[in-house]
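Novice: Quick one: the structure is below, questions incoming.
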Amino acid sequence: MALLAVEGVCKAFGSLKAVDEVSFTVAPGEIFGIAGPNGSGKSTLFNLITGIPFAPDRGRIVFDGDDIQGKPGHAIARLGLARTFQRETSFDGLTMFENVLIGASYGKPDRAAAAARDAAAEALEFVGLESRSFGRLAGELSVFDRKCLMLATAIAMEPKMLLLDEPASSLTRPEIETSIGLIRRTAARGITIVLIEHVLTFLMSLSQHLLVLNQGRVLAAGEPATVIADERVIEAYLGTRRAAA
């Protein structure tokens, strides 16, 4: 049984069809990659799945057996579906620990205060920020550390599934390699991951299945090696087979 099933989902802004009849499923425990050129609808798709900031115009989204299309973002999050964003988001005037504590409390509002603090501390240790977490403000962090902070905040929610939106953007090559290892370790915790990224080598190193969007529609889907060899995918990214060569 799929943990996430997206069926015929659509979203239009005026005459622009940002997401157009997109369907796919994600199995429990897998890392599922989503690729596509700029403007292909990847982040809009994440918005539709999580209800932040809008729902689909039509279509069905089922998460762990629950129909979630149209539900508010906080209700979807508390079912066990968390996300990070393209831009590094945090409460810059709060410490790293306070940021992650908000996630631990928001994701499980019935959790006792001591348990929330323990979850926040464990998540910070997991991403390698524990030694600086209590006094340093989130606004003082580097891009890489802010991405780690977002990941820790999501992990502290104890999600069943985590949607990662371009985690490798703006990172150096060594930071990208560290991120790959961190995502693998996150999956090893039993968290199913859906991953958007422009960097195909990043997706190829992590994904068990790959879906490519173009102009809001599914262009190709399947095993990563097969998908990136598809002529339509090569043309969408590079223009022609000659350009790819």
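If you're wondering about the labels, chains in the structure tokens are A, B, ... by order shown, residues count from 1 in each chain, ligands from 1 in order shown.
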What residues in stretch 22-207 of chain A get the DSSP label helix (DSSP H, G or I)? Please answer as number ranges by chain.
Specialist: A: 42-50, 73-78, 96-107, 113-127, 130-132, 138-140, 143-155, 173-188, 200-206
Novice: Applying 9 Å and only C-alpha atoms, which residues near stretch 89-92 of chain A remain after dropping the ones on its own chain fewer than 6 positions away? List them as a list in words.
Specialist: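 Non-adjacent residues within range: Glu98, Asn99, Leu137, Ala138, Gly139, Glu140, Arg146, Lys147, Leu149 and Met150 of chain A.
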Novice: Write down as a short mmCIF file (atom, residue, chain, number, x, y, z; two decimals) with all heavy atoms, in the first residue's frame the residues of stretch 15-141 of chain A whose backbone DSSP state falls under strand (DSSP E).
Specialist:
```
data_model
loop_
_atom_site.label_atom_id
_atom_site.label_comp_id
_atom_site.auth_asym_id
_atom_site.auth_seq_id
_atom_site.Cartn_x
_atom_site.Cartn_y
_atom_site.Cartn_z
N LEU A 16 -2.72 29.90 -16.45
CA LEU A 16 -1.52 29.08 -16.30
C LEU A 16 -1.83 27.83 -15.50
O LEU A 16 -2.25 27.90 -14.34
CB LEU A 16 -0.42 29.87 -15.59
CG LEU A 16 0.84 29.08 -15.21
CD1 LEU A 16 1.56 28.60 -16.46
CD2 LEU A 16 1.75 29.92 -14.33
N LYS A 17 -1.61 26.67 -16.11
CA LYS A 17 -1.77 25.40 -15.41
C LYS A 17 -0.43 25.02 -14.79
O LYS A 17 0.44 24.47 -15.44
CB LYS A 17 -2.24 24.32 -16.38
CG LYS A 17 -3.65 24.55 -16.92
CD LYS A 17 -4.07 23.42 -17.84
CE LYS A 17 -5.49 23.62 -18.35
NZ LYS A 17 -5.91 22.53 -19.24
N ALA A 18 -0.28 25.35 -13.51
CA ALA A 18 1.00 25.10 -12.83
C ALA A 18 1.21 23.62 -12.56
O ALA A 18 2.34 23.11 -12.63
CB ALA A 18 1.05 25.88 -11.52
N VAL A 19 0.15 22.91 -12.23
CA VAL A 19 0.18 21.46 -12.05
C VAL A 19 -1.03 20.91 -12.80
O VAL A 19 -2.17 21.34 -12.57
CB VAL A 19 0.12 21.07 -10.56
CG1 VAL A 19 0.00 19.56 -10.39
CG2 VAL A 19 1.35 21.58 -9.82
N ASP A 20 -0.78 19.96 -13.70
CA ASP A 20 -1.82 19.55 -14.64
C ASP A 20 -1.93 18.03 -14.69
O ASP A 20 -1.11 17.35 -15.31
CB ASP A 20 -1.48 20.12 -16.03
CG ASP A 20 -2.60 19.95 -17.04
OD1 ASP A 20 -3.71 19.53 -16.64
OD2 ASP A 20 -2.36 20.24 -18.22
N GLU A 21 -2.92 17.49 -13.97
CA GLU A 21 -3.21 16.05 -13.99
C GLU A 21 -2.00 15.20 -13.58
O GLU A 21 -1.64 14.23 -14.24
CB GLU A 21 -3.69 15.62 -15.38
CG GLU A 21 -5.00 16.25 -15.82
CD GLU A 21 -6.21 15.74 -15.04
OE1 GLU A 21 -6.09 14.69 -14.36
OE2 GLU A 21 -7.26 16.40 -15.11
N VAL A 22 -1.39 15.56 -12.46
CA VAL A 22 -0.22 14.83 -11.97
C VAL A 22 -0.67 13.68 -11.07
O VAL A 22 -1.49 13.87 -10.16
CB VAL A 22 0.73 15.78 -11.21
CG1 VAL A 22 1.81 14.97 -10.48
CG2 VAL A 22 1.36 16.77 -12.17
N SER A 23 -0.12 12.51 -11.33
CA SER A 23 -0.41 11.32 -10.52
C SER A 23 0.88 10.56 -10.25
O SER A 23 1.73 10.44 -11.13
CB SER A 23 -1.39 10.39 -11.24
OG SER A 23 -2.63 11.02 -11.51
N PHE A 24 1.04 10.05 -9.04
CA PHE A 24 2.15 9.17 -8.69
C PHE A 24 1.90 8.60 -7.31
O PHE A 24 1.01 9.07 -6.58
CB PHE A 24 3.50 9.91 -8.72
CG PHE A 24 3.64 11.01 -7.71
CD1 PHE A 24 4.22 10.79 -6.47
CD2 PHE A 24 3.18 12.30 -8.00
CE1 PHE A 24 4.35 11.81 -5.54
CE2 PHE A 24 3.31 13.33 -7.09
CZ PHE A 24 3.90 13.08 -5.85
N THR A 25 2.65 7.57 -6.95
CA THR A 25 2.56 7.00 -5.60
C THR A 25 3.97 6.87 -5.02
O THR A 25 4.95 6.73 -5.75
CB THR A 25 1.89 5.61 -5.62
OG1 THR A 25 2.66 4.73 -6.44
CG2 THR A 25 0.47 5.70 -6.13
N VAL A 26 4.03 6.91 -3.70
CA VAL A 26 5.29 6.75 -2.97
C VAL A 26 5.09 5.65 -1.94
O VAL A 26 4.17 5.71 -1.11
CB VAL A 26 5.72 8.06 -2.28
CG1 VAL A 26 7.05 7.86 -1.55
CG2 VAL A 26 5.82 9.20 -3.28
N ILE A 31 12.99 6.60 -0.97
CA ILE A 31 13.37 7.96 -1.32
C ILE A 31 12.92 8.18 -2.75
O ILE A 31 13.40 7.51 -3.67
CB ILE A 31 14.88 8.20 -1.17
CG1 ILE A 31 15.33 7.93 0.27
CG2 ILE A 31 15.23 9.64 -1.56
CD1 ILE A 31 16.83 8.10 0.49
N PHE A 32 12.00 9.10 -2.94
CA PHE A 32 11.35 9.33 -4.22
C PHE A 32 11.79 10.70 -4.73
O PHE A 32 11.58 11.72 -4.06
CB PHE A 32 9.84 9.28 -4.04
CG PHE A 32 9.04 9.36 -5.32
CD1 PHE A 32 8.58 8.21 -5.92
CD2 PHE A 32 8.75 10.58 -5.90
CE1 PHE A 32 7.83 8.26 -7.09
CE2 PHE A 32 8.00 10.65 -7.07
CZ PHE A 32 7.54 9.49 -7.67
N GLY A 33 12.40 10.76 -5.90
CA GLY A 33 12.92 12.01 -6.43
C GLY A 33 11.99 12.65 -7.44
O GLY A 33 11.33 11.96 -8.22
N ILE A 34 11.92 13.99 -7.41
CA ILE A 34 11.15 14.76 -8.39
C ILE A 34 12.08 15.79 -9.01
O ILE A 34 12.72 16.58 -8.30
CB ILE A 34 9.95 15.45 -7.75
CG1 ILE A 34 9.00 14.42 -7.13
CG2 ILE A 34 9.21 16.32 -8.77
CD1 ILE A 34 7.80 15.02 -6.41
N ALA A 35 12.16 15.77 -10.34
CA ALA A 35 13.03 16.69 -11.08
C ALA A 35 12.20 17.45 -12.09
O ALA A 35 11.02 17.17 -12.31
CB ALA A 35 14.15 15.92 -11.77
N ARG A 58 -8.46 20.47 -8.19
CA ARG A 58 -9.15 19.18 -8.24
C ARG A 58 -8.10 18.08 -8.16
O ARG A 58 -6.90 18.33 -8.26
CB ARG A 58 -10.00 19.05 -9.50
CG ARG A 58 -9.26 18.91 -10.80
CD ARG A 58 -10.25 18.62 -11.94
NE ARG A 58 -9.56 18.31 -13.17
CZ ARG A 58 -9.18 19.21 -14.06
NH1 ARG A 58 -9.41 20.50 -13.83
NH2 ARG A 58 -8.56 18.83 -15.17
N GLY A 59 -8.59 16.86 -7.98
CA GLY A 59 -7.70 15.73 -7.78
C GLY A 59 -7.79 15.21 -6.37
O GLY A 59 -8.45 15.79 -5.50
N ARG A 60 -7.12 14.12 -6.13
CA ARG A 60 -7.18 13.43 -4.84
C ARG A 60 -5.77 13.19 -4.33
O ARG A 60 -4.89 12.79 -5.09
CB ARG A 60 -7.93 12.12 -4.99
CG ARG A 60 -8.21 11.37 -3.69
CD ARG A 60 -9.18 10.23 -3.95
NE ARG A 60 -9.52 9.53 -2.71
CZ ARG A 60 -9.32 8.22 -2.50
NH1 ARG A 60 -8.78 7.47 -3.46
NH2 ARG A 60 -9.66 7.67 -1.35
N ILE A 61 -5.56 13.45 -3.03
CA ILE A 61 -4.28 13.17 -2.38
C ILE A 61 -4.56 12.35 -1.13
O ILE A 61 -5.30 12.79 -0.24
CB ILE A 61 -3.55 14.47 -2.00
CG1 ILE A 61 -3.35 15.36 -3.23
CG2 ILE A 61 -2.19 14.14 -1.36
CD1 ILE A 61 -2.79 16.74 -2.89
N VAL A 62 -4.00 11.16 -1.08
CA VAL A 62 -4.22 10.26 0.05
C VAL A 62 -2.89 10.03 0.75
O VAL A 62 -1.92 9.59 0.12
CB VAL A 62 -4.83 8.92 -0.41
CG1 VAL A 62 -5.05 8.00 0.78
CG2 VAL A 62 -6.13 9.16 -1.17
N PHE A 63 -2.85 10.33 2.05
CA PHE A 63 -1.64 10.11 2.84
C PHE A 63 -1.96 9.15 3.97
O PHE A 63 -2.83 9.43 4.81
CB PHE A 63 -1.11 11.42 3.41
CG PHE A 63 0.07 11.25 4.32
CD1 PHE A 63 1.30 10.84 3.81
CD2 PHE A 63 -0.05 11.44 5.69
CE1 PHE A 63 2.39 10.65 4.64
CE2 PHE A 63 1.03 11.26 6.53
CZ PHE A 63 2.26 10.86 6.01
N ASP A 66 -5.60 8.53 4.59
CA ASP A 66 -6.49 9.68 4.78
C ASP A 66 -6.50 10.57 3.55
O ASP A 66 -5.44 10.93 3.03
CB ASP A 66 -6.03 10.53 5.98
CG ASP A 66 -6.32 9.88 7.31
OD1 ASP A 66 -7.49 9.54 7.55
OD2 ASP A 66 -5.37 9.72 8.11
N ASP A 67 -7.68 10.98 3.10
CA ASP A 67 -7.80 11.99 2.06
C ASP A 67 -7.41 13.34 2.67
O ASP A 67 -8.06 13.79 3.62
CB ASP A 67 -9.23 12.06 1.54
CG ASP A 67 -9.56 10.95 0.56
OD1 ASP A 67 -9.01 9.85 0.73
OD2 ASP A 67 -10.37 11.19 -0.35
N LEU A 81 3.11 14.37 8.04
CA LEU A 81 3.70 14.82 6.78
C LEU A 81 4.36 16.18 6.99
O LEU A 81 3.69 17.18 7.22
CB LEU A 81 2.61 14.93 5.71
CG LEU A 81 3.02 15.33 4.29
CD1 LEU A 81 4.09 14.41 3.75
CD2 LEU A 81 1.81 15.33 3.37
N ALA A 82 5.69 16.21 6.94
CA ALA A 82 6.46 17.43 7.18
C ALA A 82 7.19 17.84 5.91
O ALA A 82 7.33 17.04 4.98
CB ALA A 82 7.47 17.22 8.32
N ARG A 83 7.66 19.10 5.86
CA ARG A 83 8.37 19.57 4.68
C ARG A 83 9.42 20.60 5.06
O ARG A 83 9.37 21.20 6.14
CB ARG A 83 7.41 20.19 3.67
CG ARG A 83 6.88 21.55 4.08
CD ARG A 83 6.06 22.23 2.99
NE ARG A 83 6.86 22.62 1.83
CZ ARG A 83 6.37 23.27 0.79
NH1 ARG A 83 5.08 23.58 0.73
NH2 ARG A 83 7.16 23.60 -0.21
#
```
Novice: Using only C-alpha atoms, which of A:Ala2, A:Val212, A:Ala104, A:Leu162 sits nearest A:Glu122?
Specialist: A:Ala104
Novice: Taking only C-alpha atoms into account, name the residue in A:Ala27, A:Phe46, A:Val6, A:Arg232 that is nearest to A:Thr84.
Specialist: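 Of A:Ala27, A:Phe46, A:Val6, A:Arg232, the one nearest A:Thr84 is A:Phe46, counting only C-alpha atoms.
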Novice: Name the residues in contact with stretch 108-112 of chain A at a cut-off of 12 Å, using only C-alpha atoms, excluding same-chain residues fewer than 2 positions from it; report them as a list of chain:residue names.
Specialist: A:His74, A:Ala75, A:Ile76, A:Ala77, A:Arg78, A:Leu79, A:Gly80, A:Leu81, A:Ala82, A:Leu101, A:Ile102, A:Gly103, A:Ala104, A:Ser105, A:Tyr106, A:Ala114, A:Ala115, A:Ala116, A:Arg117, A:Asp118, A:Ala119, A:Ala120, A:Ala154, A:Ile155, A:Ala156, A:Met157, A:Glu158, A:Pro159
Novice: Mind pulling up the distance from atom CA of A:Phe126 to atom CA of A:Ser43?
Specialist: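 Rounded to one decimal, the two atoms are 26.3 Å apart.
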